[in-house]
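As provided, entry06.txt (compact mmCIF, N, CA, C and O atoms) reads as follows.
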# COMPACT_ATOMS: atom_id res chain seq x y z
N MET C 22 31.82 -2.38 -3.66
CA MET C 22 31.31 -3.54 -4.34
C MET C 22 30.49 -4.42 -3.40
O MET C 22 29.46 -4.94 -3.79
N PHE C 23 30.91 -4.55 -2.16
CA PHE C 23 30.17 -5.38 -1.23
C PHE C 23 28.89 -4.70 -0.76
O PHE C 23 28.00 -5.34 -0.25
N ASN C 24 28.78 -3.39 -0.96
CA ASN C 24 27.58 -2.65 -0.58
C ASN C 24 26.60 -2.50 -1.74
O ASN C 24 25.71 -1.68 -1.67
N LEU C 25 26.75 -3.29 -2.75
CA LEU C 25 25.94 -3.18 -3.95
C LEU C 25 24.45 -3.15 -3.64
O LEU C 25 23.71 -2.32 -4.16
N PHE C 26 23.97 -4.03 -2.78
CA PHE C 26 22.55 -4.10 -2.49
C PHE C 26 22.11 -3.12 -1.40
O PHE C 26 20.95 -2.88 -1.22
N ASN C 27 23.04 -2.54 -0.68
CA ASN C 27 22.72 -1.59 0.37
C ASN C 27 22.85 -0.14 -0.07
O ASN C 27 22.56 0.76 0.68
N SER C 28 23.30 0.08 -1.28
CA SER C 28 23.59 1.44 -1.73
C SER C 28 22.33 2.24 -2.05
O SER C 28 22.37 3.46 -2.03
N THR C 29 21.23 1.57 -2.35
CA THR C 29 20.01 2.30 -2.64
C THR C 29 18.98 2.04 -1.54
O THR C 29 18.83 0.92 -1.08
N SER C 30 18.32 3.10 -1.13
CA SER C 30 17.30 2.93 -0.11
C SER C 30 15.94 2.86 -0.79
O SER C 30 15.76 3.32 -1.92
N LYS C 31 14.97 2.29 -0.08
CA LYS C 31 13.61 2.22 -0.62
C LYS C 31 13.07 3.63 -0.75
O LYS C 31 13.32 4.48 0.08
N ALA C 32 12.29 3.86 -1.78
CA ALA C 32 11.69 5.17 -1.97
C ALA C 32 10.36 5.29 -1.23
O ALA C 32 9.75 6.33 -1.26
N TYR C 33 9.94 4.22 -0.56
CA TYR C 33 8.71 4.26 0.23
C TYR C 33 9.04 3.91 1.67
O TYR C 33 10.10 3.39 1.97
N GLN C 34 8.10 4.22 2.56
CA GLN C 34 8.29 3.93 3.98
C GLN C 34 7.48 2.71 4.38
O GLN C 34 6.34 2.55 3.95
N ASN C 35 8.07 1.86 5.21
CA ASN C 35 7.34 0.76 5.85
C ASN C 35 6.91 1.27 7.21
O ASN C 35 7.75 1.70 8.00
N LEU C 36 5.61 1.24 7.48
CA LEU C 36 5.09 1.78 8.72
C LEU C 36 4.37 0.72 9.55
O LEU C 36 3.66 -0.13 9.01
N GLN C 37 4.55 0.80 10.87
CA GLN C 37 3.79 -0.02 11.79
C GLN C 37 2.34 0.47 11.77
O GLN C 37 2.07 1.61 11.37
N PRO C 38 1.37 -0.36 12.21
CA PRO C 38 -0.03 0.05 12.16
C PRO C 38 -0.33 1.41 12.79
O PRO C 38 -1.09 2.20 12.20
N ALA C 39 0.24 1.73 13.93
CA ALA C 39 -0.05 3.02 14.58
C ALA C 39 0.45 4.19 13.73
O ALA C 39 -0.24 5.21 13.59
N GLU C 40 1.63 4.06 13.14
CA GLU C 40 2.18 5.11 12.27
C GLU C 40 1.34 5.24 11.00
O GLU C 40 1.09 6.35 10.51
N PHE C 41 0.93 4.11 10.46
CA PHE C 41 0.10 4.07 9.26
C PHE C 41 -1.22 4.78 9.52
O PHE C 41 -1.65 5.62 8.73
N ALA C 42 -1.87 4.47 10.65
CA ALA C 42 -3.15 5.09 11.01
C ALA C 42 -2.99 6.59 11.18
O ALA C 42 -3.85 7.37 10.73
N ALA C 43 -1.90 7.03 11.78
CA ALA C 43 -1.65 8.46 11.96
C ALA C 43 -1.49 9.14 10.60
O ALA C 43 -2.01 10.25 10.38
N GLY C 44 -0.80 8.51 9.69
CA GLY C 44 -0.63 9.07 8.35
C GLY C 44 -1.93 9.20 7.59
O GLY C 44 -2.15 10.16 6.85
N LEU C 45 -2.82 8.24 7.80
CA LEU C 45 -4.11 8.27 7.10
C LEU C 45 -4.98 9.44 7.54
O LEU C 45 -5.86 9.87 6.81
N ARG C 46 -4.71 9.96 8.73
CA ARG C 46 -5.51 11.08 9.24
C ARG C 46 -5.15 12.40 8.56
O ARG C 46 -5.88 13.38 8.71
N GLN C 47 -4.04 12.44 7.83
CA GLN C 47 -3.70 13.69 7.15
C GLN C 47 -4.66 13.94 5.98
O GLN C 47 -5.14 13.01 5.34
N THR C 48 -4.96 15.19 5.74
CA THR C 48 -5.88 15.57 4.69
C THR C 48 -5.33 15.17 3.32
O THR C 48 -4.17 15.38 3.03
N GLY C 49 -6.19 14.55 2.53
CA GLY C 49 -5.82 14.23 1.16
C GLY C 49 -5.09 12.91 0.97
O GLY C 49 -4.65 12.62 -0.14
N ALA C 50 -4.95 12.11 2.00
CA ALA C 50 -4.26 10.82 1.86
C ALA C 50 -5.13 9.85 1.07
O ALA C 50 -6.34 9.79 1.23
N LEU C 51 -4.49 9.08 0.20
CA LEU C 51 -5.16 8.05 -0.59
C LEU C 51 -4.81 6.70 0.01
O LEU C 51 -3.63 6.39 0.21
N LEU C 52 -5.82 5.88 0.28
CA LEU C 52 -5.63 4.56 0.86
C LEU C 52 -5.95 3.51 -0.19
O LEU C 52 -7.07 3.42 -0.68
N LEU C 53 -4.94 2.71 -0.55
CA LEU C 53 -5.10 1.67 -1.55
C LEU C 53 -5.00 0.28 -0.92
O LEU C 53 -4.01 -0.04 -0.27
N ASP C 54 -6.01 -0.52 -1.15
CA ASP C 54 -6.00 -1.94 -0.80
C ASP C 54 -5.61 -2.66 -2.08
O ASP C 54 -6.34 -2.62 -3.07
N VAL C 55 -4.44 -3.30 -2.08
CA VAL C 55 -3.94 -3.91 -3.32
C VAL C 55 -4.19 -5.41 -3.39
O VAL C 55 -3.57 -6.12 -4.17
N ARG C 56 -5.16 -5.88 -2.58
CA ARG C 56 -5.54 -7.30 -2.62
C ARG C 56 -6.54 -7.56 -3.75
O ARG C 56 -7.02 -6.63 -4.40
N ARG C 57 -6.87 -8.82 -3.94
CA ARG C 57 -7.88 -9.21 -4.93
C ARG C 57 -9.25 -8.67 -4.51
O ARG C 57 -9.51 -8.49 -3.32
N PRO C 58 -10.16 -8.46 -5.47
CA PRO C 58 -11.49 -7.95 -5.14
C PRO C 58 -12.24 -8.81 -4.12
O PRO C 58 -12.97 -8.28 -3.28
N ASP C 59 -12.08 -10.14 -4.18
CA ASP C 59 -12.78 -11.00 -3.22
C ASP C 59 -12.25 -10.79 -1.80
O ASP C 59 -13.02 -10.81 -0.83
N GLU C 60 -10.95 -10.55 -1.67
CA GLU C 60 -10.37 -10.27 -0.35
C GLU C 60 -10.88 -8.92 0.17
O GLU C 60 -11.20 -8.78 1.34
N PHE C 61 -10.92 -7.94 -0.72
CA PHE C 61 -11.42 -6.61 -0.37
C PHE C 61 -12.86 -6.69 0.13
O PHE C 61 -13.21 -6.10 1.15
N ALA C 62 -13.70 -7.45 -0.57
CA ALA C 62 -15.11 -7.58 -0.21
C ALA C 62 -15.30 -8.26 1.14
O ALA C 62 -16.26 -7.99 1.85
N ALA C 63 -14.35 -9.09 1.53
CA ALA C 63 -14.44 -9.80 2.81
C ALA C 63 -14.12 -8.89 4.00
O ALA C 63 -14.39 -9.25 5.14
N GLY C 64 -13.55 -7.72 3.75
CA GLY C 64 -13.24 -6.77 4.81
C GLY C 64 -12.02 -5.94 4.45
O GLY C 64 -11.02 -6.47 4.00
N HIS C 65 -12.16 -4.62 4.63
CA HIS C 65 -11.07 -3.70 4.28
C HIS C 65 -11.07 -2.51 5.23
O HIS C 65 -12.01 -2.32 6.00
N LEU C 66 -10.01 -1.72 5.17
CA LEU C 66 -9.92 -0.52 5.99
C LEU C 66 -10.92 0.51 5.47
O LEU C 66 -11.12 0.61 4.25
N PRO C 67 -11.56 1.27 6.37
CA PRO C 67 -12.53 2.28 5.94
C PRO C 67 -11.89 3.30 4.99
O PRO C 67 -10.79 3.78 5.23
N GLY C 68 -12.59 3.59 3.89
CA GLY C 68 -12.12 4.58 2.94
C GLY C 68 -11.15 4.06 1.89
O GLY C 68 -10.68 4.82 1.05
N ALA C 69 -10.86 2.76 1.92
CA ALA C 69 -9.89 2.19 0.98
C ALA C 69 -10.47 2.06 -0.42
O ALA C 69 -11.66 1.83 -0.61
N VAL C 70 -9.58 2.21 -1.40
CA VAL C 70 -9.89 1.98 -2.80
C VAL C 70 -9.18 0.68 -3.18
O VAL C 70 -8.00 0.50 -2.88
N ASN C 71 -9.91 -0.23 -3.82
CA ASN C 71 -9.32 -1.52 -4.21
C ASN C 71 -8.67 -1.41 -5.58
O ASN C 71 -9.30 -1.02 -6.56
N LEU C 72 -7.39 -1.75 -5.62
CA LEU C 72 -6.60 -1.72 -6.85
C LEU C 72 -5.67 -2.93 -6.81
O LEU C 72 -4.59 -2.86 -6.23
N ASP C 73 -6.10 -4.04 -7.37
CA ASP C 73 -5.40 -5.32 -7.30
C ASP C 73 -4.02 -5.24 -7.98
O ASP C 73 -3.94 -5.06 -9.19
N VAL C 74 -2.97 -5.40 -7.17
CA VAL C 74 -1.60 -5.31 -7.71
C VAL C 74 -1.29 -6.45 -8.68
O VAL C 74 -0.40 -6.31 -9.52
N THR C 75 -2.02 -7.57 -8.60
CA THR C 75 -1.76 -8.69 -9.51
C THR C 75 -2.52 -8.57 -10.83
O THR C 75 -2.35 -9.38 -11.73
N SER C 76 -3.37 -7.54 -10.94
CA SER C 76 -4.15 -7.33 -12.15
C SER C 76 -3.28 -6.80 -13.28
O SER C 76 -2.41 -5.95 -13.06
N PRO C 77 -3.52 -7.26 -14.51
CA PRO C 77 -2.77 -6.73 -15.65
C PRO C 77 -2.99 -5.23 -15.86
O PRO C 77 -2.16 -4.55 -16.46
N GLU C 78 -4.10 -4.68 -15.35
CA GLU C 78 -4.41 -3.26 -15.50
C GLU C 78 -3.84 -2.40 -14.39
O GLU C 78 -4.08 -1.19 -14.37
N PHE C 79 -3.09 -2.99 -13.45
CA PHE C 79 -2.61 -2.22 -12.30
C PHE C 79 -1.85 -0.96 -12.73
O PHE C 79 -2.15 0.13 -12.28
N ALA C 80 -0.87 -1.09 -13.60
CA ALA C 80 -0.06 0.06 -14.03
C ALA C 80 -0.91 1.12 -14.72
O ALA C 80 -0.71 2.32 -14.50
N GLN C 81 -1.86 0.70 -15.53
CA GLN C 81 -2.74 1.65 -16.22
C GLN C 81 -3.60 2.42 -15.22
O GLN C 81 -3.79 3.63 -15.35
N ARG C 82 -4.11 1.72 -14.21
CA ARG C 82 -4.96 2.38 -13.21
C ARG C 82 -4.13 3.31 -12.33
O ARG C 82 -4.59 4.39 -11.96
N VAL C 83 -2.91 2.91 -12.01
CA VAL C 83 -2.01 3.75 -11.21
C VAL C 83 -1.72 5.05 -11.95
O VAL C 83 -1.64 6.11 -11.35
N ALA C 84 -1.59 4.96 -13.26
CA ALA C 84 -1.27 6.14 -14.08
C ALA C 84 -2.35 7.21 -13.99
O ALA C 84 -2.08 8.38 -14.28
N THR C 85 -3.56 6.85 -13.57
CA THR C 85 -4.66 7.82 -13.49
C THR C 85 -4.70 8.53 -12.13
O THR C 85 -5.47 9.46 -11.94
N LEU C 86 -3.87 8.09 -11.18
CA LEU C 86 -3.88 8.66 -9.83
C LEU C 86 -2.97 9.88 -9.73
O LEU C 86 -2.05 10.05 -10.53
N ASP C 87 -3.19 10.69 -8.70
CA ASP C 87 -2.40 11.89 -8.44
C ASP C 87 -1.09 11.48 -7.76
O ASP C 87 -1.10 11.03 -6.61
N LYS C 88 0.02 11.65 -8.44
CA LYS C 88 1.33 11.24 -7.92
C LYS C 88 1.81 12.08 -6.75
O LYS C 88 2.69 11.68 -6.01
N ALA C 89 1.22 13.26 -6.57
CA ALA C 89 1.62 14.13 -5.46
C ALA C 89 0.84 13.83 -4.18
O ALA C 89 1.22 14.27 -3.10
N GLN C 90 -0.24 13.07 -4.31
CA GLN C 90 -1.08 12.74 -3.16
C GLN C 90 -0.39 11.70 -2.28
O GLN C 90 0.09 10.68 -2.79
N PRO C 91 -0.31 11.91 -0.96
CA PRO C 91 0.26 10.89 -0.07
C PRO C 91 -0.54 9.59 -0.24
O PRO C 91 -1.77 9.61 -0.14
N THR C 92 0.14 8.49 -0.53
CA THR C 92 -0.52 7.24 -0.85
C THR C 92 -0.10 6.15 0.14
O THR C 92 1.10 5.92 0.35
N TYR C 93 -1.09 5.51 0.74
CA TYR C 93 -0.88 4.46 1.73
C TYR C 93 -1.40 3.15 1.16
O TYR C 93 -2.54 3.09 0.70
N VAL C 94 -0.56 2.12 1.15
CA VAL C 94 -0.95 0.84 0.56
C VAL C 94 -0.88 -0.28 1.59
O VAL C 94 -0.05 -0.27 2.49
N TYR C 95 -1.80 -1.24 1.42
CA TYR C 95 -1.78 -2.41 2.30
C TYR C 95 -2.34 -3.62 1.56
O TYR C 95 -3.01 -3.49 0.53
N CYS C 96 -2.05 -4.79 2.11
CA CYS C 96 -2.58 -6.05 1.60
C CYS C 96 -2.86 -6.95 2.81
O CYS C 96 -3.10 -6.46 3.91
N ARG C 97 -2.81 -8.24 2.63
CA ARG C 97 -3.06 -9.15 3.73
C ARG C 97 -1.92 -9.19 4.72
O ARG C 97 -2.11 -9.10 5.92
N SER C 98 -0.68 -9.32 4.23
CA SER C 98 0.46 -9.49 5.13
C SER C 98 1.55 -8.43 4.97
O SER C 98 2.46 -8.37 5.79
N GLY C 99 1.50 -7.65 3.91
CA GLY C 99 2.52 -6.63 3.67
C GLY C 99 3.43 -6.93 2.50
O GLY C 99 4.21 -6.07 2.09
N ALA C 100 3.34 -8.12 1.93
CA ALA C 100 4.23 -8.50 0.82
C ALA C 100 3.78 -7.89 -0.50
O ALA C 100 4.56 -7.25 -1.20
N ARG C 101 2.52 -8.10 -0.86
CA ARG C 101 2.01 -7.52 -2.12
C ARG C 101 2.02 -6.01 -2.08
O ARG C 101 2.29 -5.34 -3.09
N SER C 102 1.73 -5.45 -0.90
CA SER C 102 1.73 -3.98 -0.81
C SER C 102 3.14 -3.41 -0.93
O SER C 102 3.32 -2.32 -1.45
N ALA C 103 4.15 -4.17 -0.49
CA ALA C 103 5.54 -3.72 -0.68
C ALA C 103 5.86 -3.69 -2.17
O ALA C 103 6.50 -2.75 -2.67
N THR C 104 5.39 -4.68 -2.91
CA THR C 104 5.56 -4.71 -4.37
C THR C 104 4.85 -3.52 -5.00
O THR C 104 5.42 -2.82 -5.86
N ALA C 105 3.62 -3.28 -4.56
CA ALA C 105 2.85 -2.14 -5.10
C ALA C 105 3.53 -0.82 -4.76
O ALA C 105 3.60 0.08 -5.61
N ALA C 106 4.03 -0.69 -3.53
CA ALA C 106 4.70 0.55 -3.11
C ALA C 106 5.92 0.82 -3.98
O ALA C 106 6.17 1.96 -4.38
N ALA C 107 6.68 -0.22 -4.28
CA ALA C 107 7.85 -0.07 -5.14
C ALA C 107 7.42 0.37 -6.55
O ALA C 107 8.06 1.22 -7.17
N GLN C 108 6.33 -0.20 -7.04
CA GLN C 108 5.83 0.19 -8.37
C GLN C 108 5.34 1.64 -8.37
O GLN C 108 5.57 2.37 -9.33
N LEU C 109 4.68 2.03 -7.30
CA LEU C 109 4.19 3.41 -7.21
C LEU C 109 5.34 4.41 -7.18
O LEU C 109 5.31 5.42 -7.90
N THR C 110 6.35 4.14 -6.38
CA THR C 110 7.48 5.07 -6.33
C THR C 110 8.23 5.06 -7.66
O THR C 110 8.68 6.11 -8.11
N GLY C 111 8.30 3.91 -8.30
CA GLY C 111 8.92 3.83 -9.62
C GLY C 111 8.15 4.61 -10.67
O GLY C 111 8.72 5.10 -11.65
N ALA C 112 6.84 4.76 -10.45
CA ALA C 112 5.99 5.50 -11.38
C ALA C 112 5.99 7.00 -11.07
O ALA C 112 5.30 7.77 -11.73
N GLY C 113 6.73 7.42 -10.04
CA GLY C 113 6.86 8.83 -9.75
C GLY C 113 6.06 9.36 -8.57
O GLY C 113 6.01 10.57 -8.35
N PHE C 114 5.43 8.48 -7.81
CA PHE C 114 4.69 8.93 -6.62
C PHE C 114 5.69 9.43 -5.60
O PHE C 114 6.70 8.78 -5.32
N SER C 115 5.40 10.59 -5.02
CA SER C 115 6.38 11.23 -4.13
C SER C 115 6.32 10.72 -2.69
O SER C 115 7.35 10.62 -2.03
N THR C 116 5.13 10.38 -2.18
CA THR C 116 5.00 9.94 -0.80
C THR C 116 4.19 8.65 -0.76
O THR C 116 2.98 8.66 -1.02
N VAL C 117 4.86 7.54 -0.48
CA VAL C 117 4.21 6.22 -0.44
C VAL C 117 4.58 5.53 0.86
O VAL C 117 5.75 5.52 1.26
N ALA C 118 3.57 4.95 1.52
CA ALA C 118 3.79 4.20 2.75
C ALA C 118 3.15 2.82 2.64
O ALA C 118 2.05 2.67 2.10
N ASN C 119 3.84 1.82 3.17
CA ASN C 119 3.39 0.43 3.16
C ASN C 119 3.08 0.00 4.59
O ASN C 119 3.87 0.23 5.50
N LEU C 120 1.93 -0.65 4.79
CA LEU C 120 1.53 -1.15 6.11
C LEU C 120 2.23 -2.47 6.39
O LEU C 120 1.95 -3.48 5.75
N LEU C 121 3.16 -2.45 7.35
CA LEU C 121 3.84 -3.68 7.77
C LEU C 121 2.84 -4.62 8.43
O LEU C 121 2.05 -4.19 9.26
N GLY C 122 2.84 -5.87 8.02
CA GLY C 122 1.93 -6.85 8.60
C GLY C 122 0.55 -6.88 7.97
O GLY C 122 -0.23 -7.78 8.26
N GLY C 123 0.24 -5.90 7.12
CA GLY C 123 -1.04 -5.87 6.43
C GLY C 123 -2.23 -5.91 7.36
O GLY C 123 -2.13 -5.59 8.55
N VAL C 124 -3.38 -6.34 6.83
CA VAL C 124 -4.59 -6.39 7.64
C VAL C 124 -4.50 -7.44 8.74
O VAL C 124 -5.23 -7.38 9.71
N MET C 125 -3.57 -8.37 8.60
CA MET C 125 -3.39 -9.37 9.66
C MET C 125 -2.95 -8.72 10.96
O MET C 125 -3.26 -9.21 12.04
N ASP C 126 -2.21 -7.60 10.88
CA ASP C 126 -1.73 -6.90 12.06
C ASP C 126 -2.52 -5.62 12.36
O ASP C 126 -2.17 -4.89 13.28
N TRP C 127 -3.55 -5.33 11.58
CA TRP C 127 -4.33 -4.11 11.77
C TRP C 127 -5.20 -4.28 13.02
O TRP C 127 -6.00 -5.22 13.10
N PRO C 128 -5.07 -3.37 14.00
CA PRO C 128 -5.76 -3.55 15.26
C PRO C 128 -7.24 -3.14 15.26
O PRO C 128 -7.97 -3.48 16.19
N GLU C 129 -7.66 -2.43 14.25
CA GLU C 129 -9.03 -1.92 14.23
C GLU C 129 -9.95 -2.80 13.40
O GLU C 129 -9.48 -3.64 12.62
N GLN C 130 -11.24 -2.57 13.55
CA GLN C 130 -12.26 -3.33 12.83
C GLN C 130 -12.22 -3.03 11.33
O GLN C 130 -12.09 -1.87 10.95
N LEU C 131 -12.35 -4.05 10.51
CA LEU C 131 -12.46 -3.87 9.07
C LEU C 131 -13.93 -3.64 8.71
O LEU C 131 -14.82 -4.02 9.47
N VAL C 132 -14.17 -2.99 7.58
CA VAL C 132 -15.53 -2.76 7.12
C VAL C 132 -15.81 -3.61 5.88
O VAL C 132 -14.89 -4.04 5.20
N HIS C 133 -17.10 -3.82 5.59
CA HIS C 133 -17.49 -4.63 4.42
C HIS C 133 -18.22 -3.79 3.40
O HIS C 133 -18.82 -2.83 3.67
In structure tokens, how does this file's structure come out?
Amino acid sequence: MFNLFNSTSKAYQNLQPAEFAAGLRQTGALLLDVRRPDEFAAGHLPGAVNLDVTSPEFAQRVATLDKAQPTYVYCRSGARSATAAAQLTGAGFSTVANLLGGVMDWPEQLVH
């Protein structure tokens, strides 16, 4: 009873920037930026697809993606992407990783 909240583990992985970058190098990885479009336009990771987790269409757009494809998500700080990662795993995605610290902790240059 006291382990009620510890009994289930997250279905996604939280990764430090170096681990996240290594995962992105695998063939077929999908990179999702789950920030607002204006944040995405101000700078994002190379190759990212923008899919705003706060959008009412988020679940519909997620449904069109390949659930077997390794999926890497990030946002500004890691909070919205953790929410998105939980939604993705709940929707049946098999391999989901969240960038801890978001773009605030990303050591490489962002693209526009």
Of C:Phe41, C:Tyr93, C:Trp127, C:Phe79, the one sitting nearest C:Ser115 when using only C-alpha atoms is C:Tyr93
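In this structure, atom CA of C:Thr75 sits 25.3 Å away from atom CA of C:Gln130.
With distances restricted to only N, CA, C and O atoms, C:Leu120 is the closest residue to C:Ala100 from C:Val70, C:Met125, C:Ala63, C:Leu120.
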From the set C:Ala62, C:Leu52, C:Ala32, C:Ala42, which residue has the shortest atom-to-atom contact distance to C:Ala106, counting only N, CA, C and O atoms? C:Ala32
Skipping near chain neighbours, those fewer than 4 positions away, what residues fall within 6 Å of stretch 121-123 of chain C using only N, CA, C and O atoms, listed as a VMD selection string? chain C and resid 35 to 38 95 to 99 127
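Separating atom C of C:Ala107 from atom O of C:Ala50 is a distance of 18.4 Å.
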Point-to-point distance in Å for atom CA of C:Leu86 and atom CA of C:Arg56: 17.6 Å
Compile the contact shell of C:Gly68 as a PyMOL selection string: residues with an atom at most 8 Å away, counting only N, CA, C and O atoms, same-chain residues fewer than 3 positions apart removed. chain C and resi 50-54+65+71+132
Could you please write out, as a tab-separated table (two decimals) with N, CA, C and O atoms, in the coordinates of the input, every residue of chain C that DSSP assigns to alpha helix (DSSP H)?
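The new file result.tsv reads:
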chain	number	residue	atom	x	y	z
C	38	PRO	N	1.37	-0.36	12.21
C	38	PRO	CA	-0.03	0.05	12.16
C	38	PRO	C	-0.33	1.41	12.79
C	38	PRO	O	-1.09	2.20	12.20
C	39	ALA	N	0.24	1.73	13.93
C	39	ALA	CA	-0.05	3.02	14.58
C	39	ALA	C	0.45	4.19	13.73
C	39	ALA	O	-0.24	5.21	13.59
C	40	GLU	N	1.63	4.06	13.14
C	40	GLU	CA	2.18	5.11	12.27
C	40	GLU	C	1.34	5.24	11.00
C	40	GLU	O	1.09	6.35	10.51
C	41	PHE	N	0.93	4.11	10.46
C	41	PHE	CA	0.10	4.07	9.26
C	41	PHE	C	-1.22	4.78	9.52
C	41	PHE	O	-1.65	5.62	8.73
C	42	ALA	N	-1.87	4.47	10.65
C	42	ALA	CA	-3.15	5.09	11.01
C	42	ALA	C	-2.99	6.59	11.18
C	42	ALA	O	-3.85	7.37	10.73
C	43	ALA	N	-1.90	7.03	11.78
C	43	ALA	CA	-1.65	8.46	11.96
C	43	ALA	C	-1.49	9.14	10.60
C	43	ALA	O	-2.01	10.25	10.38
C	44	GLY	N	-0.80	8.51	9.69
C	44	GLY	CA	-0.63	9.07	8.35
C	44	GLY	C	-1.93	9.20	7.59
C	44	GLY	O	-2.15	10.16	6.85
C	45	LEU	N	-2.82	8.24	7.80
C	45	LEU	CA	-4.11	8.27	7.10
C	45	LEU	C	-4.98	9.44	7.54
C	45	LEU	O	-5.86	9.87	6.81
C	58	PRO	N	-10.16	-8.46	-5.47
C	58	PRO	CA	-11.49	-7.95	-5.14
C	58	PRO	C	-12.24	-8.81	-4.12
C	58	PRO	O	-12.97	-8.28	-3.28
C	59	ASP	N	-12.08	-10.14	-4.18
C	59	ASP	CA	-12.78	-11.00	-3.22
C	59	ASP	C	-12.25	-10.79	-1.80
C	59	ASP	O	-13.02	-10.81	-0.83
C	60	GLU	N	-10.95	-10.55	-1.67
C	60	GLU	CA	-10.37	-10.27	-0.35
C	60	GLU	C	-10.88	-8.92	0.17
C	60	GLU	O	-11.20	-8.78	1.34
C	61	PHE	N	-10.92	-7.94	-0.72
C	61	PHE	CA	-11.42	-6.61	-0.37
C	61	PHE	C	-12.86	-6.69	0.13
C	61	PHE	O	-13.21	-6.10	1.15
C	62	ALA	N	-13.70	-7.45	-0.57
C	62	ALA	CA	-15.11	-7.58	-0.21
C	62	ALA	C	-15.30	-8.26	1.14
C	62	ALA	O	-16.26	-7.99	1.85
C	63	ALA	N	-14.35	-9.09	1.53
C	63	ALA	CA	-14.44	-9.80	2.81
C	63	ALA	C	-14.12	-8.89	4.00
C	63	ALA	O	-14.39	-9.25	5.14
C	79	PHE	N	-3.09	-2.99	-13.45
C	79	PHE	CA	-2.61	-2.22	-12.30
C	79	PHE	C	-1.85	-0.96	-12.73
C	79	PHE	O	-2.15	0.13	-12.28
C	80	ALA	N	-0.87	-1.09	-13.60
C	80	ALA	CA	-0.06	0.06	-14.03
C	80	ALA	C	-0.91	1.12	-14.72
C	80	ALA	O	-0.71	2.32	-14.50
C	81	GLN	N	-1.86	0.70	-15.53
C	81	GLN	CA	-2.74	1.65	-16.22
C	81	GLN	C	-3.60	2.42	-15.22
C	81	GLN	O	-3.79	3.63	-15.35
C	82	ARG	N	-4.11	1.72	-14.21
C	82	ARG	CA	-4.96	2.38	-13.21
C	82	ARG	C	-4.13	3.31	-12.33
C	82	ARG	O	-4.59	4.39	-11.96
C	83	VAL	N	-2.91	2.91	-12.01
C	83	VAL	CA	-2.01	3.75	-11.21
C	83	VAL	C	-1.72	5.05	-11.95
C	83	VAL	O	-1.64	6.11	-11.35
C	100	ALA	N	3.34	-8.12	1.93
C	100	ALA	CA	4.23	-8.50	0.82
C	100	ALA	C	3.78	-7.89	-0.50
C	100	ALA	O	4.56	-7.25	-1.20
C	101	ARG	N	2.52	-8.10	-0.86
C	101	ARG	CA	2.01	-7.52	-2.12
C	101	ARG	C	2.02	-6.01	-2.08
C	101	ARG	O	2.29	-5.34	-3.09
C	102	SER	N	1.73	-5.45	-0.90
C	102	SER	CA	1.73	-3.98	-0.81
C	102	SER	C	3.14	-3.41	-0.93
C	102	SER	O	3.32	-2.32	-1.45
C	103	ALA	N	4.15	-4.17	-0.49
C	103	ALA	CA	5.54	-3.72	-0.68
C	103	ALA	C	5.86	-3.69	-2.17
C	103	ALA	O	6.50	-2.75	-2.67
C	104	THR	N	5.39	-4.68	-2.91
C	104	THR	CA	5.56	-4.71	-4.37
C	104	THR	C	4.85	-3.52	-5.00
C	104	THR	O	5.42	-2.82	-5.86
C	105	ALA	N	3.62	-3.28	-4.56
C	105	ALA	CA	2.85	-2.14	-5.10
C	105	ALA	C	3.53	-0.82	-4.76
C	105	ALA	O	3.60	0.08	-5.61
C	106	ALA	N	4.03	-0.69	-3.53
C	106	ALA	CA	4.70	0.55	-3.11
C	106	ALA	C	5.92	0.82	-3.98
C	106	ALA	O	6.17	1.96	-4.38
C	107	ALA	N	6.68	-0.22	-4.28
C	107	ALA	CA	7.85	-0.07	-5.14
C	107	ALA	C	7.42	0.37	-6.55
C	107	ALA	O	8.06	1.22	-7.17
C	108	GLN	N	6.33	-0.20	-7.04
C	108	GLN	CA	5.83	0.19	-8.37
C	108	GLN	C	5.34	1.64	-8.37
C	108	GLN	O	5.57	2.37	-9.33
C	109	LEU	N	4.68	2.03	-7.30
C	109	LEU	CA	4.19	3.41	-7.21
C	109	LEU	C	5.34	4.41	-7.18
C	109	LEU	O	5.31	5.42	-7.90
C	110	THR	N	6.35	4.14	-6.38
C	110	THR	CA	7.48	5.07	-6.33
C	110	THR	C	8.23	5.06	-7.66
C	110	THR	O	8.68	6.11	-8.11
C	111	GLY	N	8.30	3.91	-8.30
C	111	GLY	CA	8.92	3.83	-9.62
C	111	GLY	C	8.15	4.61	-10.67
C	111	GLY	O	8.72	5.10	-11.65
Members of stretch 23-133 of chain C assigned strand (DSSP E) by DSSP, as a PyMOL selection string: chain C and resi 34-36+51-54+70-71+92-95+117-120
Could you name the residues that touch C:Ala89 at 6 Å or less, counting only N, CA, C and O atoms, but leaving out those on the same chain fewer than 6 positions away, as a ChimeraX atom specification? /C:113-116
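Across C:Thr48, C:Leu72, C:Glu40, C:Asn119, the tightest approach to C:Thr92 is made by C:Asn119 when counting all atoms listed in the file.
Shortest atom-to-atom contact with C:Ala112 among C:Lys88, C:Gly44, C:Asp59, C:Ala69: C:Lys88, counting all atoms listed in the file.
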Please return as a PyMOL selection string every residue within 6 Å of (6.9, -1.4, -4.7), taking into account all atoms listed in the file and the file's own coordinates. chain C and resi 102-110
Please list as a PyMOL selection string every residue within 7 Å of C:Leu131, counting only C-alpha atoms and excluding residues in the same chain fewer than 3 positions away. chain C and resi 64-67
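Shortest atom-to-atom contact with C:Val117 among C:Glu129, C:Val94, C:Glu60, C:Val55: C:Val94, counting all atoms listed in the file.
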